[in-house]
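Okay, entry10.txt is below, compact mmCIF, C-alpha atoms:
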# COMPACT_ATOMS: atom_id res chain seq x y z
CA MET A 1 74.14 38.69 12.58
CA LEU A 2 71.32 41.18 13.23
CA ASP A 3 67.97 39.77 14.37
CA PHE A 4 64.98 41.94 13.43
CA GLN A 5 61.38 41.82 14.67
CA LEU A 6 58.44 43.28 12.74
CA PHE A 7 56.11 45.86 14.26
CA ARG A 8 53.01 47.67 13.06
CA ILE A 9 52.83 51.43 13.66
CA LYS A 10 49.42 53.08 13.85
CA VAL A 11 48.96 56.81 13.36
CA TYR A 12 45.87 58.48 14.82
CA PRO A 13 45.46 62.14 13.78
CA SER A 14 43.28 64.39 15.90
CA LEU A 15 39.78 64.83 14.53
CA GLN A 16 39.87 68.44 15.66
CA GLY A 17 41.72 71.41 14.26
CA ASP A 18 42.68 72.10 10.67
CA LEU A 19 44.98 69.09 10.22
CA PHE A 20 43.01 67.54 7.40
CA SER A 21 42.72 70.86 5.56
CA LYS A 22 46.52 70.76 5.28
CA ASN A 23 46.27 67.47 3.37
CA ILE A 24 48.82 65.73 5.58
CA THR A 25 48.53 61.98 5.24
CA ARG A 26 49.39 59.42 7.90
CA PRO A 27 52.50 58.24 6.01
CA GLU A 28 53.68 61.85 5.73
CA MET A 29 53.18 62.40 9.45
CA LEU A 30 55.14 59.25 10.26
CA ARG A 31 57.96 60.18 7.89
CA GLU A 32 58.25 63.77 9.09
CA THR A 33 58.20 62.76 12.75
CA ILE A 34 61.02 60.24 12.30
CA GLU A 35 63.02 62.67 10.16
CA SER A 36 62.71 65.35 12.88
CA LEU A 37 65.18 63.24 14.95
CA PRO A 38 63.27 63.34 18.25
CA SER A 39 65.00 62.68 21.56
CA GLY A 40 63.79 62.40 25.12
CA GLU A 41 65.06 61.75 28.64
CA PHE A 42 62.70 59.05 29.90
CA ARG A 43 64.80 58.26 32.97
CA HIS A 44 67.29 60.45 34.77
CA GLY A 45 70.59 60.29 32.94
CA LEU A 46 69.24 58.19 30.06
CA THR A 47 68.26 60.01 26.86
CA TRP A 48 66.82 58.13 23.89
CA HIS A 49 67.41 59.32 20.32
CA ILE A 50 66.46 58.65 16.71
CA GLY A 51 69.37 59.36 14.38
CA ASN A 52 71.13 58.51 11.11
CA VAL A 53 67.88 58.74 9.12
CA THR A 54 68.34 58.00 5.42
CA ALA A 55 65.85 57.34 2.63
CA ILE A 56 65.94 53.86 1.09
CA ASP A 57 63.29 54.73 -1.50
CA ASP A 58 60.25 57.00 -1.70
CA LYS A 59 58.47 54.98 1.02
CA GLY A 60 61.29 53.42 3.03
CA LEU A 61 63.55 54.87 5.72
CA TYR A 62 66.54 53.50 7.58
CA PHE A 63 67.40 54.92 11.00
CA ARG A 64 69.19 54.13 14.24
CA LEU A 65 67.56 54.09 17.64
CA GLY A 66 69.54 54.28 20.87
CA ARG A 67 70.25 56.04 24.11
CA THR A 68 73.05 58.08 25.63
CA SER A 69 74.21 58.02 29.25
CA THR A 70 77.25 58.96 31.29
CA SER A 71 79.22 56.21 33.04
CA THR A 72 82.15 56.25 35.42
CA LEU A 73 85.17 54.09 34.70
CA GLU A 74 87.77 53.38 37.39
CA ILE A 75 91.25 53.64 35.88
CA PHE A 76 94.87 53.95 37.01
CA ASP A 77 96.46 57.17 35.79
CA GLU A 78 100.26 57.15 35.98
CA ASN A 79 100.37 60.92 35.48
CA GLU A 80 98.15 61.38 38.52
CA GLY A 81 100.06 58.75 40.40
CA GLY A 82 97.06 56.68 41.41
CA PHE A 83 93.51 55.53 40.80
CA VAL A 84 90.98 57.98 39.42
CA ASP A 85 87.38 57.99 38.25
CA GLN A 86 86.89 58.99 34.65
CA GLU A 87 83.49 59.85 33.21
CA PHE A 88 82.62 59.00 29.62
CA GLU A 89 79.48 58.89 27.49
CA THR A 90 78.09 55.62 26.16
CA ALA A 91 75.65 55.45 23.25
CA PRO A 92 74.45 51.91 22.41
CA TYR A 93 72.13 51.85 19.43
CA THR A 94 70.28 49.48 17.15
CA HIS A 95 69.12 49.49 13.53
CA ALA A 96 65.60 49.91 12.12
CA VAL A 97 63.82 50.23 8.79
CA VAL A 98 60.28 51.43 8.16
CA ASP A 99 57.92 51.56 5.21
CA VAL A 100 55.80 54.63 5.95
CA GLU A 101 53.10 53.64 3.46
CA LEU A 102 52.53 50.21 4.99
CA GLU A 103 53.24 51.59 8.49
CA VAL A 104 55.40 48.54 9.18
CA CYS A 105 58.89 48.60 10.66
CA ALA A 106 61.62 46.16 11.68
CA ILE A 107 63.83 46.77 14.71
CA ALA A 108 67.02 44.85 15.48
CA LYS A 109 67.40 43.17 18.85
CA LYS A 110 69.90 44.83 21.20
CA THR A 111 70.04 43.54 24.78
CA ARG A 112 72.12 46.53 25.90
CA LEU A 113 69.07 48.68 25.16
CA SER A 114 66.35 46.30 26.39
CA PRO A 115 65.97 42.58 27.14
CA THR A 116 63.28 42.40 24.46
CA THR A 117 62.91 44.05 21.07
CA PHE A 118 59.39 45.07 22.07
CA GLY A 119 60.97 47.08 24.91
CA ILE A 120 62.96 49.03 22.31
CA ALA A 121 59.82 49.49 20.21
CA THR A 122 57.98 51.05 23.17
CA ARG A 123 60.79 53.62 23.57
CA PHE A 124 60.62 54.31 19.84
CA VAL A 125 56.90 55.06 19.87
CA ARG A 126 57.32 57.18 23.01
CA LEU A 127 59.88 59.28 21.14
CA LEU A 128 57.34 59.77 18.37
CA ASN A 129 54.53 60.71 20.77
CA GLU A 130 56.59 63.17 22.80
CA SER A 131 58.16 64.86 19.78
CA PRO A 132 57.35 68.43 18.73
CA LYS A 133 56.02 67.02 15.46
CA ALA A 134 53.39 64.94 17.26
CA VAL A 135 52.25 68.12 19.02
CA GLU A 136 52.21 70.00 15.72
CA PHE A 137 50.20 67.25 13.99
CA GLN A 138 48.02 66.62 17.05
CA ALA A 139 48.67 62.94 16.39
CA LEU A 140 48.99 59.81 18.51
CA PHE A 141 51.28 56.94 17.53
CA GLU A 142 50.87 53.32 18.64
CA ILE A 143 53.04 50.28 17.98
CA ASP A 144 52.22 46.56 18.17
CA GLU A 145 53.99 43.35 17.31
CA VAL A 146 53.11 41.88 13.92
CA LYS A 147 52.06 38.30 14.64
CA ASP A 148 52.71 35.16 12.61
CA PRO A 149 49.24 33.66 12.00
CA GLU A 150 50.29 30.45 10.25
CA ASP A 151 50.17 28.07 13.24
CA PHE A 152 46.83 29.49 14.42
CA ILE A 153 45.35 29.26 10.92
CA ASP A 154 46.65 25.71 10.53
CA HIS A 155 44.74 24.73 13.68
CA LEU A 156 41.57 26.35 12.26
CA LYS A 157 41.88 24.52 8.94
CA ARG A 158 42.58 21.12 10.48
CA ALA A 159 39.95 21.35 13.21
CA TYR A 160 37.03 18.94 13.21
CA SER A 161 34.83 21.85 14.30
CA ILE A 162 35.12 25.48 15.48
CA SER A 163 32.50 26.50 18.02
CA LYS A 164 33.70 29.98 18.95
CA PHE A 165 35.92 32.64 17.38
CA TRP A 166 36.79 36.12 18.60
CA VAL A 167 38.89 39.00 17.37
CA ILE A 168 40.22 42.10 19.12
CA PHE A 169 40.17 45.29 17.08
CA SER A 170 41.26 48.89 17.56
CA ARG A 171 40.25 52.25 16.13
CA PRO A 172 40.26 52.73 12.33
CA ASN A 173 43.73 53.26 10.94
CA ALA A 174 44.84 50.09 9.25
CA PHE A 175 44.29 50.12 5.50
CA ASP A 176 44.67 46.34 5.54
CA ALA A 177 41.96 45.53 8.07
CA ASN A 178 39.43 43.00 6.84
CA GLU A 179 36.95 44.92 4.68
CA HIS A 180 33.78 42.96 5.40
CA PHE A 181 34.12 42.04 9.06
CA VAL A 182 36.71 44.13 10.93
CA LYS A 183 36.27 47.60 9.42
CA PRO A 184 32.55 47.98 10.35
CA PHE A 185 33.43 47.18 13.97
CA GLN A 186 36.32 49.65 13.87
CA GLN A 187 33.97 52.35 12.64
CA MET A 188 31.52 51.58 15.44
CA LEU A 189 34.37 51.76 17.94
CA GLU A 190 35.41 55.17 16.63
CA ALA A 191 31.83 56.47 16.66
CA SER A 192 31.50 55.45 20.32
CA ASN A 193 34.85 57.07 21.21
CA GLY A 194 36.33 53.71 22.18
CA GLU A 195 39.91 52.46 21.94
CA LYS A 196 39.63 48.65 21.86
CA GLY A 197 36.78 46.27 21.01
CA LYS A 198 36.06 42.55 20.80
CA ALA A 199 33.75 40.70 18.44
CA GLU A 200 32.74 37.07 19.04
CA LEU A 201 31.09 34.44 16.83
CA LYS A 202 29.48 31.19 18.00
CA GLY A 203 28.21 28.20 16.05
CA GLN A 204 28.29 24.43 15.64
CA ASN A 205 31.03 24.60 13.02
CA LEU A 206 32.22 28.04 11.94
CA ASN A 207 33.74 28.43 8.47
CA ALA A 208 37.54 28.25 8.72
CA GLU A 209 38.14 30.04 5.41
CA THR A 210 36.22 33.13 6.54
CA LEU A 211 37.97 33.09 9.92
CA GLU A 212 41.39 32.87 8.23
CA ALA A 213 40.87 36.22 6.51
CA VAL A 214 39.93 37.85 9.82
CA ALA A 215 42.85 36.22 11.65
CA ARG A 216 45.31 37.50 9.03
CA SER A 217 43.86 40.99 9.38
CA ALA A 218 44.34 40.87 13.17
CA ALA A 219 47.90 39.54 12.80
CA ALA A 220 48.86 42.29 10.33
CA THR A 221 47.39 45.12 12.42
CA GLY A 222 48.97 43.93 15.67
CA ASP A 223 45.66 42.85 17.21
CA ASP A 224 44.64 39.44 18.54
CA ALA A 225 42.25 36.58 17.76
CA GLY A 226 41.37 33.22 19.27
CA ALA A 227 39.09 30.21 18.88
CA TRP A 228 37.67 27.16 20.64
CA ILE A 229 38.12 24.13 18.41
CA LYS A 230 37.75 20.35 18.44
CA PRO A 231 40.89 18.87 16.85
CA ASN A 232 38.97 15.68 16.02
CA ARG A 233 35.54 14.15 16.51
CA ASN A 234 36.22 12.56 19.91
CA ALA A 235 38.51 15.25 21.34
CA ARG A 236 37.61 17.86 23.92
CA GLN A 237 37.47 21.48 22.87
CA VAL A 238 40.75 23.36 23.18
CA LYS A 239 41.54 27.06 23.07
CA LYS A 240 43.93 28.37 20.43
CA GLN A 241 45.14 31.95 20.22
CA LEU A 242 47.05 34.15 17.80
CA ARG A 243 48.92 36.00 20.55
CA GLY A 244 52.62 35.40 21.17
CA SER A 245 53.91 34.47 17.72
CA SER A 246 56.19 37.27 16.51
CA VAL A 247 57.53 37.71 12.96
CA ASN A 248 61.33 37.83 12.73
CA THR A 249 64.09 37.95 10.15
CA SER A 250 67.90 38.15 10.21
CA GLN A 251 70.54 39.90 8.15
CA GLU A 252 74.31 39.97 8.38
CA ASP A 253 74.64 43.76 8.17
CA VAL A 254 72.94 46.97 7.02
CA THR A 255 76.03 49.02 6.27
CA ASP A 256 75.44 49.91 2.63
CA GLU A 257 72.38 50.97 0.64
CA GLU A 258 71.94 47.60 -1.03
CA GLN A 259 71.79 45.83 2.34
CA LYS A 260 69.23 48.32 3.64
CA ARG A 261 67.09 47.86 0.53
CA THR A 262 67.36 44.06 0.78
CA LEU A 263 66.19 44.18 4.38
CA LEU A 264 63.25 46.47 3.58
CA ASP A 265 62.18 44.24 0.68
CA ARG A 266 62.27 41.19 2.94
CA VAL A 267 60.23 42.99 5.61
CA LYS A 268 57.55 43.86 3.04
CA GLU A 269 57.57 40.27 1.74
CA LEU A 270 57.08 38.90 5.27
CA TYR A 271 54.27 41.37 5.85
CA ARG A 272 52.65 40.34 2.57
CA LYS A 273 52.76 36.73 3.75
CA VAL A 274 51.10 37.62 7.06
CA ARG A 275 48.33 39.45 5.25
CA GLY A 276 47.91 36.75 2.65
CA ASP A 277 48.11 39.49 0.04
CA ALA A 278 50.05 38.81 -3.14
CA HIS A 279 49.76 42.40 -4.34
CA VAL A 280 51.81 44.38 -1.80
CA GLN A 281 54.61 46.23 -3.57
Can you turn what I pasted into structure tokens?
Amino acid sequence: MLDFQLFRIKVYPSLQGDLFSKNITRPEMLRETIESLPSGEFRHGLTWHIGNVTAIDDKGLYFRLGRTSTSTLEIFDENEGGFVDQEFETAPYTHAVVDVELEVCAIAKKTRLSPTTFGIATRFVRLLNESPKAVEFQALFEIDEVKDPEDFIDHLKRAYSISKFWVIFSRPNAFDANEHFVKPFQQMLEASNGEKGKAELKGQNLNAETLEAVARSAAATGDDAGAWIKPNRNARQVKKQLRGSSVNTSQEDVTDEEQKRTLLDRVKELYRKVRGDAHVQ
């Protein structure tokens, strides 16, 4: 059984140069960079690679992500009449799918590559950033864990009162950022040449329905949110936070095209649930 975790990729083109005159979109940059099969030696003797890239549909890609290294195996060779050291190359890899339009991907856990799937994701985005295509596009790639907002939102809805709410936001990229609250702050962040920002609301009893939309936006874009709430009238205020709740799915295999398509469809469905959007195709 393969265990996949969902991640959000963000693509930041340079505002300088003639990139936009070439009409290259963010999804096209992401697709072309993955399809260029980048590789990089991030540690001596360990080279990471993207390979086996295949199209699932006009927006979806399947690929493998792994590393190569040389190991020494101690063996007994009868022809040599004794013990010898034999070098051989190992290449553990894992599976991934990405929807370039949504900028969402799922990466399978592989402890031989990293103790955490997020560790594999950081190598993946480093491959993208250090690729010749990233230089050509003058683009920066970022990756964050998609978060499951349901428990956090449940606390907001059931709270007797919400006295404080905050959300972390990053530079404009995400098409699915909250239109009325998050995007204006993102634009201010970009205008001030910032990278991360935080907005905070205070009140006697903030509206949970409004906060839910903002929390879902933060969860979908890989950002964070939190709140101080009173669970009931006589309770003390407690802090609840979106951080730490990853979105995962499992599949037996991704050998054939139907399995790859099934996985990609499930990833998009999970992402639609995080966003609270019934119209993602």
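Proximity to Gly119 in chain A was assessed for A:Gln241, A:Asn234, A:Ala199, A:Phe7 counting all atoms listed in the file; the smallest distance is recorded for A:Phe7.
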Of A:Arg112, A:Arg31, A:Arg43, A:Lys164, the one nearest to Tyr62 in chain A when counting all atoms listed in the file is A:Arg31
Counting only C-alpha atoms, find the residues whose atoms lie at most 6 Å from (34.5, 26.2, 12.1) (file coordinates) and write them out as a PDB file with C-alpha atoms, in the coordinates of the input.
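In the end it all went to out22.pdb:
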ATOM      1  CA  SER A 161      34.830  21.850  14.300  1.00  0.00           C
ATOM      2  CA  ILE A 162      35.120  25.480  15.480  1.00  0.00           C
ATOM      3  CA  ASN A 205      31.030  24.600  13.020  1.00  0.00           C
ATOM      4  CA  LEU A 206      32.220  28.040  11.940  1.00  0.00           C
ATOM      5  CA  ASN A 207      33.740  28.430   8.470  1.00  0.00           C
ATOM      6  CA  ALA A 208      37.540  28.250   8.720  1.00  0.00           C
TER       7      ALA A 208
END
Would you compute the distance between CA of His44 in chain A and CA of Thr68 in chain A? Give it in Å to one decimal. 11.1 Å
Per-residue nearest contacts of range 232-274 of chain A to range 103-110 of chain A (12 Å; all atoms listed in the file) as a Markdown table:
| residue | atom | partner | partner_atom | distance |
| --- | --- | --- | --- | --- |
| A:Ser246 | CA | A:Ala106 | CA | 11.5 |
| A:Val247 | CA | A:Ala106 | CA | 9.5 |
| A:Asn248 | CA | A:Ala106 | CA | 8.4 |
| A:Thr249 | CA | A:Ala106 | CA | 8.7 |
| A:Ser250 | CA | A:Ala108 | CA | 8.6 |
| A:Gln251 | CA | A:Ala108 | CA | 9.5 |
| A:Glu252 | CA | A:Ala108 | CA | 11.3 |
| A:Asp253 | CA | A:Ala108 | CA | 10.6 |
| A:Val254 | CA | A:Ala108 | CA | 10.5 |
| A:Lys260 | CA | A:Ala106 | CA | 11.3 |
| A:Leu263 | CA | A:Ala106 | CA | 8.8 |
| A:Leu264 | CA | A:Ala106 | CA | 8.3 |
| A:Asp265 | CA | A:Ala106 | CA | 11.2 |
| A:Arg266 | CA | A:Ala106 | CA | 10.1 |
| A:Val267 | CA | A:Ala106 | CA | 7.0 |
| A:Lys268 | CA | A:Val104 | CA | 8.0 |
| A:Glu269 | CA | A:Val104 | CA | 11.3 |
| A:Leu270 | CA | A:Val104 | CA | 10.5 |
| A:Tyr271 | CA | A:Val104 | CA | 8.0 |
| A:Arg272 | CA | A:Val104 | CA | 10.9 |
| A:Val274 | CA | A:Val104 | CA | 11.9 |
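The smallest atom-to-atom distance between Trp166 in chain A and any of A:Glu212, A:Glu257, A:Glu130, A:Asp85, using all atoms listed in the file, is found for A:Glu212.
The two atoms in question, CA of Met29 in chain A and CA of Asn52 in chain A, are spaced 18.4 Å apart.
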